[in-house]
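First the structure, in the form of structure tokens, and then the observations on it.
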Amino acid sequence: MTPNDLALVGPILLPALAALLVILVDLLPGSQRSSGSFLLAVLGAAVSLGYTIHALMHDRVGLAFYGTMKIDRMALLITLFVHASAMLSLLLSKVYLDRRSDVEQPEYHAFVLTAACGMAMLAGANDLVNVFLGIELLSIPLYLLVAMRKHQSRSVEAGFKYLLLGAFASAFMLFGAALLFGASGKTMLTAIPSGIARIGNDTPLAAFGATMLLVGLLFKVAAVPFHMWTPDVYEGAPTPITAFMATATKAATFAVLLRLAPVLGASLGEERAADLLGGIAVLTMFVGNLGALTQLNLKRLLAYSSISHAGYLLVGLAALVRSYGSSAEAEAASSIVYYLGAYTAMSLGAFAVAVLIDGGKDREAVSDLAGLGKRNPLLAAAMTVFALALAGVPPTAGFFAKYYVFLSAVDAGLIAVAVLGVIASVIGLYYYLRILLTMYVDEAKPGHEAVVSRDALVGAVSLAAVAFVLLLGIVPKGFVEAMALAH
Amino acid sequence: MEPELATTIAFYVFALLAIASSIGVVANKNPVASAMCLVATFVAVAGLYLTLSATFLAAVQILVYAGAIMVLFLFVIMLLNLSHDTFEGISVRRTMGGAVAFAFIFISIGLLWGTGPAPGEAMSVRPGTGLEIGRTFLKDYVFPFEMASLLLLVAMIGAIVVARRPKLVGGDR
């Protein structure tokens, strides 16, 4: 261990330090429990974010801790998304928690930071041990955050469901990791493919291990058929936590999936792995988009939308596995990272609007948006951008994200998957447009007008997300080229 | 008797003991008896570690799991007074779930049987002594080792948050 190692993993250690500070300061006599911990936590997230940007700009990349951590540009970019998501979720939490008094705030803030620490660790993990620890370090705080409103049966039920199914998925992952180790003699991700070629070639042991590992990770990104928990948990969790889970967990888990691509190829065979992932991607896109059609609750709708986006991302992953080692590989990898950035911004934005109009009533009905176009044109315009981006309408980032992912699928020869993906996104258009119709055409029922929070901070956050979604859409090429260097 | 043969026999004895006692954990109606079966499972797994010459791990397994953790389990069972029969019976869904799990396990075993690297081929087996474990933890795996302590801290704080009385919720103390 050298100072350089510590500097490299700074984006992982800083949120953990901030979380410890939040807990410690809370123990001081006479401390203001809620406001002090909020400020400290936001500061911690901001410092982590700043450090990550600094590392990215100065290209502070390399292997750390004997190669168990691989901090490359991809890891730093994903960490950037994670820390941005954590900070915005903390800001949203301020608005959300100010209207509710049933949450222990210092612990809440500390858990958000430790989850961000686990996600950052996952983004840089280059060893099965670190992958597992990262997954646990992001999951355990999230189980707790989901159930944080412990007098709300909906919240507790969601937390319990997430805990039980998540523990099950972790067990699968751990077993899979053990089998992969048995088949390759290595735990380092970059060494596993050659290890399998050396000793595990004549046995399905590696294939079993990789599949079980994949099951655990697909559970975390809410891919079909491991998506059952998603609508209930997203609905029951405090809305800012839902936003954090939907965006940051997805980004961090996809970072691991990107790194696992050669392992999946080596253990299952490139074609078989790509077919498997492509099949899951198609199922996920259709189940997500069809499920969202009938939802009346905004959070459930966004949950199904999040499932469908996991499907689009898996299309990119299938393309990556299929084209590994060829010239199309970097393109597929950067299309996934681009997608993650765009999705983080647009999904966070949509959840921010949901928090702003919720008014402390825990209703979150889509119909609450009725008449928003007249009463608050700015917020309605922001929501319009997010809905169109999630639907994939040009010139937003959402369109280019889908375009690059489908393009890399076509380049990798997965034409059927790309065509089915386009059909699924056309179906998805329906429910995003329904949001717009509700905002601009429907009249609010008396007594059901949304109470819009006037919090300047969150307004600024939403506007920043709008700007990012549009900017990514208008100058997508430059961004993708920057991403391509990530690999 | 050849040492390898003795190891193989010991492996099968401990493996069968582990399987039998873990079936006992699930099948017993009395929670205390289940817990006792779990002790037997832990001891059998410690035996498996011994056959891999991981002596330190075997000792820790017995001390920590079969000793400390099981005492805690028994305390909880007795405090909650669960000694009465709480088994809910067998439903169609449960039977289906069990059948799928068993089918998965047996198909997996069938596919994997006799394939794969021979024991010791996958990695150079080093004796699992305290020295070796200490080196692994504080050198190659020092980062995950430290992060694991953060994980435990979060879990501990979480347990307190979940169990705390609602009096202090929100606002100032």
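Going by the structure tokens order, chains are called A, B, ..., each with residues numbered from 1, while ligands are numbered from 1 in the order shown.
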
Quick one: contact table of chain A to chain B, 7 Å max, nearest atom pair and distance in Å to one decimal per residue, counting only C-alpha atoms, chain and number order, as CSV?
```
residue,atom,partner,partner_atom,distance
A:Gln32,CA,B:Asp172,CA,6.0
A:Arg33,CA,B:Asp172,CA,5.7
A:Ser34,CA,B:Gly171,CA,6.6
A:Phe65,CA,B:Phe143,CA,6.6
A:Tyr66,CA,B:Asp140,CA,5.8
A:Ser101,CA,B:Gly170,CA,5.0
A:Asp102,CA,B:Val169,CA,5.7
A:Val103,CA,B:Gly170,CA,5.8
A:Glu104,CA,B:Val169,CA,5.5
A:Gln105,CA,B:Gly170,CA,6.9
A:Asn130,CA,B:Pro144,CA,5.8
A:Leu133,CA,B:Ala148,CA,6.8
A:Leu137,CA,B:Leu151,CA,5.6
A:Ile140,CA,B:Ala155,CA,6.8
A:Pro141,CA,B:Val154,CA,6.9
A:Leu144,CA,B:Gly158,CA,6.4
A:Gly182,CA,B:Ala122,CA,6.3
A:Ala183,CA,B:Ala122,CA,6.9
A:Ser184,CA,B:Ala122,CA,6.4
A:Gly185,CA,B:Ala122,CA,4.6
A:Ile199,CA,B:Pro117,CA,6.1
A:Gly200,CA,B:Gly116,CA,5.8
A:Asp202,CA,B:Gly116,CA,6.5
A:Thr203,CA,B:Gly116,CA,5.0
A:Pro204,CA,B:Leu112,CA,6.4
A:Leu205,CA,B:Leu112,CA,6.5
```

Filtering to C-alpha atoms, could you give me those residues as a compact mmCIF listing (two decimals), in the first residue's frame?
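Just written: result-v7.txt:
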```txt
# COMPACT_ATOMS: atom_id res chain seq x y z
CA GLN A 32 -28.83 19.97 15.75
CA ARG A 33 -29.67 16.51 14.53
CA SER A 34 -31.31 17.18 11.20
CA PHE A 65 -3.95 -2.23 -3.92
CA TYR A 66 -2.09 -5.00 -5.75
CA SER A 101 -41.06 13.92 10.72
CA ASP A 102 -40.77 10.14 10.87
CA VAL A 103 -37.18 9.67 9.70
CA GLU A 104 -33.95 9.65 11.69
CA GLN A 105 -32.00 12.10 9.61
CA ASN A 130 -14.25 -6.47 -4.05
CA LEU A 133 -18.11 -6.38 -0.83
CA LEU A 137 -21.86 -2.14 0.92
CA ILE A 140 -27.25 -2.93 3.18
CA PRO A 141 -27.61 0.87 3.46
CA LEU A 144 -32.26 0.36 5.56
CA GLY A 182 -12.82 -23.09 -8.61
CA ALA A 183 -12.82 -23.15 -12.41
CA SER A 184 -10.05 -20.60 -12.88
CA GLY A 185 -7.97 -20.52 -9.69
CA ILE A 199 -7.72 -25.45 -16.16
CA GLY A 200 -11.46 -25.12 -16.58
CA ASP A 202 -13.52 -29.17 -20.21
CA THR A 203 -16.08 -28.45 -17.52
CA PRO A 204 -19.30 -26.46 -17.23
CA LEU A 205 -18.09 -25.26 -13.82
```

Inset, instruction - Using only C-alpha atoms, determine which residues lie at most 8 Å from range 47-63 of chain B, disregarding the query and same-chain residues fewer than 5 positions distant; provide the list as a ChimeraX atom specification. - result: /B:7,10-11,14-15,42,68,127-130

Inset, instruction - Point out the residue among A:Ala7, A:Ile53, A:Leu20, A:Ala248 with the least atom-to-atom distance to Met119 in chain A, counting only C-alpha atoms. - result: A:Ala248

Inset, instruction - Per DSSP on the backbone, filter range 4-245 of chain A down to the residues in helix (DSSP H, G or I) and report them as a PyMOL selection string. - result: chain A and resi 4-8+10-27+33-57+73-98+105-124+128-146+153-184+189-199+205-220+229-236+239-245

Legend entry - For Ala18 in chain B: contacts at 8 Å, only C-alpha atoms, fewer than 5 positions along chain excluded, given as a PyMOL selection string: chain B and resi 40-42+44-45

Atoms kept (C-alpha atoms) for selection, written as a CSV table (one decimal), in the first residue's frame:
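Result file is result_18.csv:
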```csv
chain,number,residue,atom,x,y,z
B,40,ALA,CA,-23.3,-30.1,13.9
B,41,THR,CA,-23.2,-28.5,10.4
B,42,PHE,CA,-20.6,-26.0,11.5
B,44,ALA,CA,-18.7,-30.8,9.9
B,45,VAL,CA,-17.7,-27.7,7.8
```

Inset, instruction - Find the residues around Tyr96 in chain A up to 9 Å (only C-alpha atoms counted), leave out those fewer than 3 positions away in its own chain, and share them as a list in words. - result: Leu91, Leu92, Ser93, Arg99, Arg100, Pro238, Thr239, Pro240, Val355, Leu356, Asp358, Gly359 and Gly360 of chain A

Env of Arg300 in chain A: 7 Å cut, atoms = only C-alpha atoms, seq-sep filter 5 positions within chain, self excluded. Answer as a compact mmCIF listing (two decimals) with C-alpha atoms, in the first residue's frame.
```txt
# COMPACT_ATOMS: atom_id res chain seq x y z
CA PRO A 231 -42.34 -1.69 -8.45
CA TYR A 234 -39.60 1.79 -5.64
CA GLU A 235 -43.09 2.72 -4.51
CA GLN A 295 -49.75 2.33 -13.91
```

Legend entry - Who sits within 8 Å of Leu320 in chain A, only C-alpha atoms, same chain under 4 positions skipped, as a ChimeraX atom specification: /A:258,261,316,324,328-329,332-333,408,412

Based on the selection just made, write N, CA, C and O atoms of those residues as a PDB file, in the first residue's frame.
```pdb
ATOM      1  N   LEU A 258     -19.762  -4.533 -17.199  1.00  0.00           N
ATOM      2  CA  LEU A 258     -18.814  -4.195 -18.266  1.00  0.00           C
ATOM      3  C   LEU A 258     -17.491  -4.923 -18.057  1.00  0.00           C
ATOM      4  O   LEU A 258     -16.910  -5.467 -18.987  1.00  0.00           O
ATOM      5  N   ALA A 261     -17.587  -8.663 -18.838  1.00  0.00           N
ATOM      6  CA  ALA A 261     -17.873  -9.102 -20.207  1.00  0.00           C
ATOM      7  C   ALA A 261     -16.888 -10.168 -20.699  1.00  0.00           C
ATOM      8  O   ALA A 261     -17.321 -11.219 -21.195  1.00  0.00           O
ATOM      9  N   GLY A 316     -26.834  -3.159 -25.001  1.00  0.00           N
ATOM     10  CA  GLY A 316     -25.450  -2.725 -25.156  1.00  0.00           C
ATOM     11  C   GLY A 316     -24.475  -3.761 -24.621  1.00  0.00           C
ATOM     12  O   GLY A 316     -23.434  -4.023 -25.219  1.00  0.00           O
ATOM     13  N   TYR A 324     -16.414  -8.570 -28.183  1.00  0.00           N
ATOM     14  CA  TYR A 324     -15.236  -8.400 -27.349  1.00  0.00           C
ATOM     15  C   TYR A 324     -13.969  -8.774 -28.125  1.00  0.00           C
ATOM     16  O   TYR A 324     -13.906  -9.811 -28.759  1.00  0.00           O
ATOM     17  N   ALA A 328     -15.241  -3.145 -32.587  1.00  0.00           N
ATOM     18  CA  ALA A 328     -16.511  -2.578 -32.149  1.00  0.00           C
ATOM     19  C   ALA A 328     -16.641  -2.567 -30.630  1.00  0.00           C
ATOM     20  O   ALA A 328     -17.600  -2.021 -30.088  1.00  0.00           O
ATOM     21  N   GLU A 329     -15.654  -3.171 -29.942  1.00  0.00           N
ATOM     22  CA  GLU A 329     -15.756  -3.331 -28.494  1.00  0.00           C
ATOM     23  C   GLU A 329     -15.818  -1.984 -27.767  1.00  0.00           C
ATOM     24  O   GLU A 329     -16.697  -1.756 -26.930  1.00  0.00           O
ATOM     25  N   ALA A 332     -19.155  -0.257 -28.159  1.00  0.00           N
ATOM     26  CA  ALA A 332     -20.225  -0.814 -27.336  1.00  0.00           C
ATOM     27  C   ALA A 332     -20.068  -0.371 -25.887  1.00  0.00           C
ATOM     28  O   ALA A 332     -21.043   0.024 -25.235  1.00  0.00           O
ATOM     29  N   ALA A 333     -18.823  -0.418 -25.370  1.00  0.00           N
ATOM     30  CA  ALA A 333     -18.603  -0.033 -23.976  1.00  0.00           C
ATOM     31  C   ALA A 333     -18.961   1.438 -23.771  1.00  0.00           C
ATOM     32  O   ALA A 333     -19.632   1.793 -22.797  1.00  0.00           O
ATOM     33  N   SER A 408     -24.639  -0.197 -31.742  1.00  0.00           N
ATOM     34  CA  SER A 408     -23.582  -1.159 -31.415  1.00  0.00           C
ATOM     35  C   SER A 408     -24.123  -2.577 -31.481  1.00  0.00           C
ATOM     36  O   SER A 408     -23.389  -3.508 -31.822  1.00  0.00           O
ATOM     37  N   ALA A 412     -22.673  -5.505 -33.907  1.00  0.00           N
ATOM     38  CA  ALA A 412     -22.245  -6.792 -33.368  1.00  0.00           C
ATOM     39  C   ALA A 412     -23.047  -7.942 -33.976  1.00  0.00           C
ATOM     40  O   ALA A 412     -22.843  -9.099 -33.603  1.00  0.00           O
TER      41      ALA A 412
END
```

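Considering only C-alpha atoms, the residue among A:Thr187, A:Ser48, A:Ser153, A:Ser170 positioned nearest to Leu260 in chain A is A:Thr187.
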
Legend entry - Near-Ser85 in chain A list (9 Å; only C-alpha atoms; drop same-chain fewer than 3 positions) as a list in words: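 The residues satisfying every condition are Leu80, Phe81, Val82, Leu88, Ser89, Leu90, Ala116, Ala243, Phe244, Thr247, Ala248, Thr344, Ala345 and Leu348 of chain A.
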
Resulting file, chosen residues, C-alpha atoms, as an mmCIF file, in the first residue's frame:
```cif
data_model
loop_
_atom_site.group_PDB
_atom_site.id
_atom_site.type_symbol
_atom_site.label_atom_id
_atom_site.label_comp_id
_atom_site.auth_asym_id
_atom_site.auth_seq_id
_atom_site.Cartn_x
_atom_site.Cartn_y
_atom_site.Cartn_z
ATOM 1 C CA LEU A 80 -18.997 10.632 -11.170
ATOM 2 C CA PHE A 81 -22.573 9.571 -11.991
ATOM 3 C CA VAL A 82 -22.878 7.869 -8.601
ATOM 4 C CA LEU A 88 -28.865 15.362 -5.868
ATOM 5 C CA SER A 89 -30.737 12.720 -3.864
ATOM 6 C CA LEU A 90 -29.529 14.331 -0.642
ATOM 7 C CA ALA A 116 -22.338 5.802 -2.582
ATOM 8 C CA ALA A 243 -34.238 8.151 -7.436
ATOM 9 C CA PHE A 244 -30.868 7.206 -5.972
ATOM 10 C CA THR A 247 -29.820 5.673 -11.126
ATOM 11 C CA ALA A 248 -26.716 5.045 -9.039
ATOM 12 C CA THR A 344 -28.902 9.209 -14.474
ATOM 13 C CA ALA A 345 -29.718 12.808 -15.464
ATOM 14 C CA LEU A 348 -33.155 11.919 -11.439
#
```

Inset, instruction - Name the residues of range 70-276 of chain A that come out as strand (DSSP E or B) in a backbone DSSP run; write them as a PyMOL selection string. - result: chain A and resi 70-71+125+127+188

Legend entry - Closest of A:Phe399, A:Tyr432, A:Phe172, A:Phe351 to Val461 in chain A - atom-to-atom distances counting only C-alpha atoms: A:Phe351

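Picture a line from CA of Pro262 in chain A to CA of Asp72 in chain A; it runs 16.6 Å.
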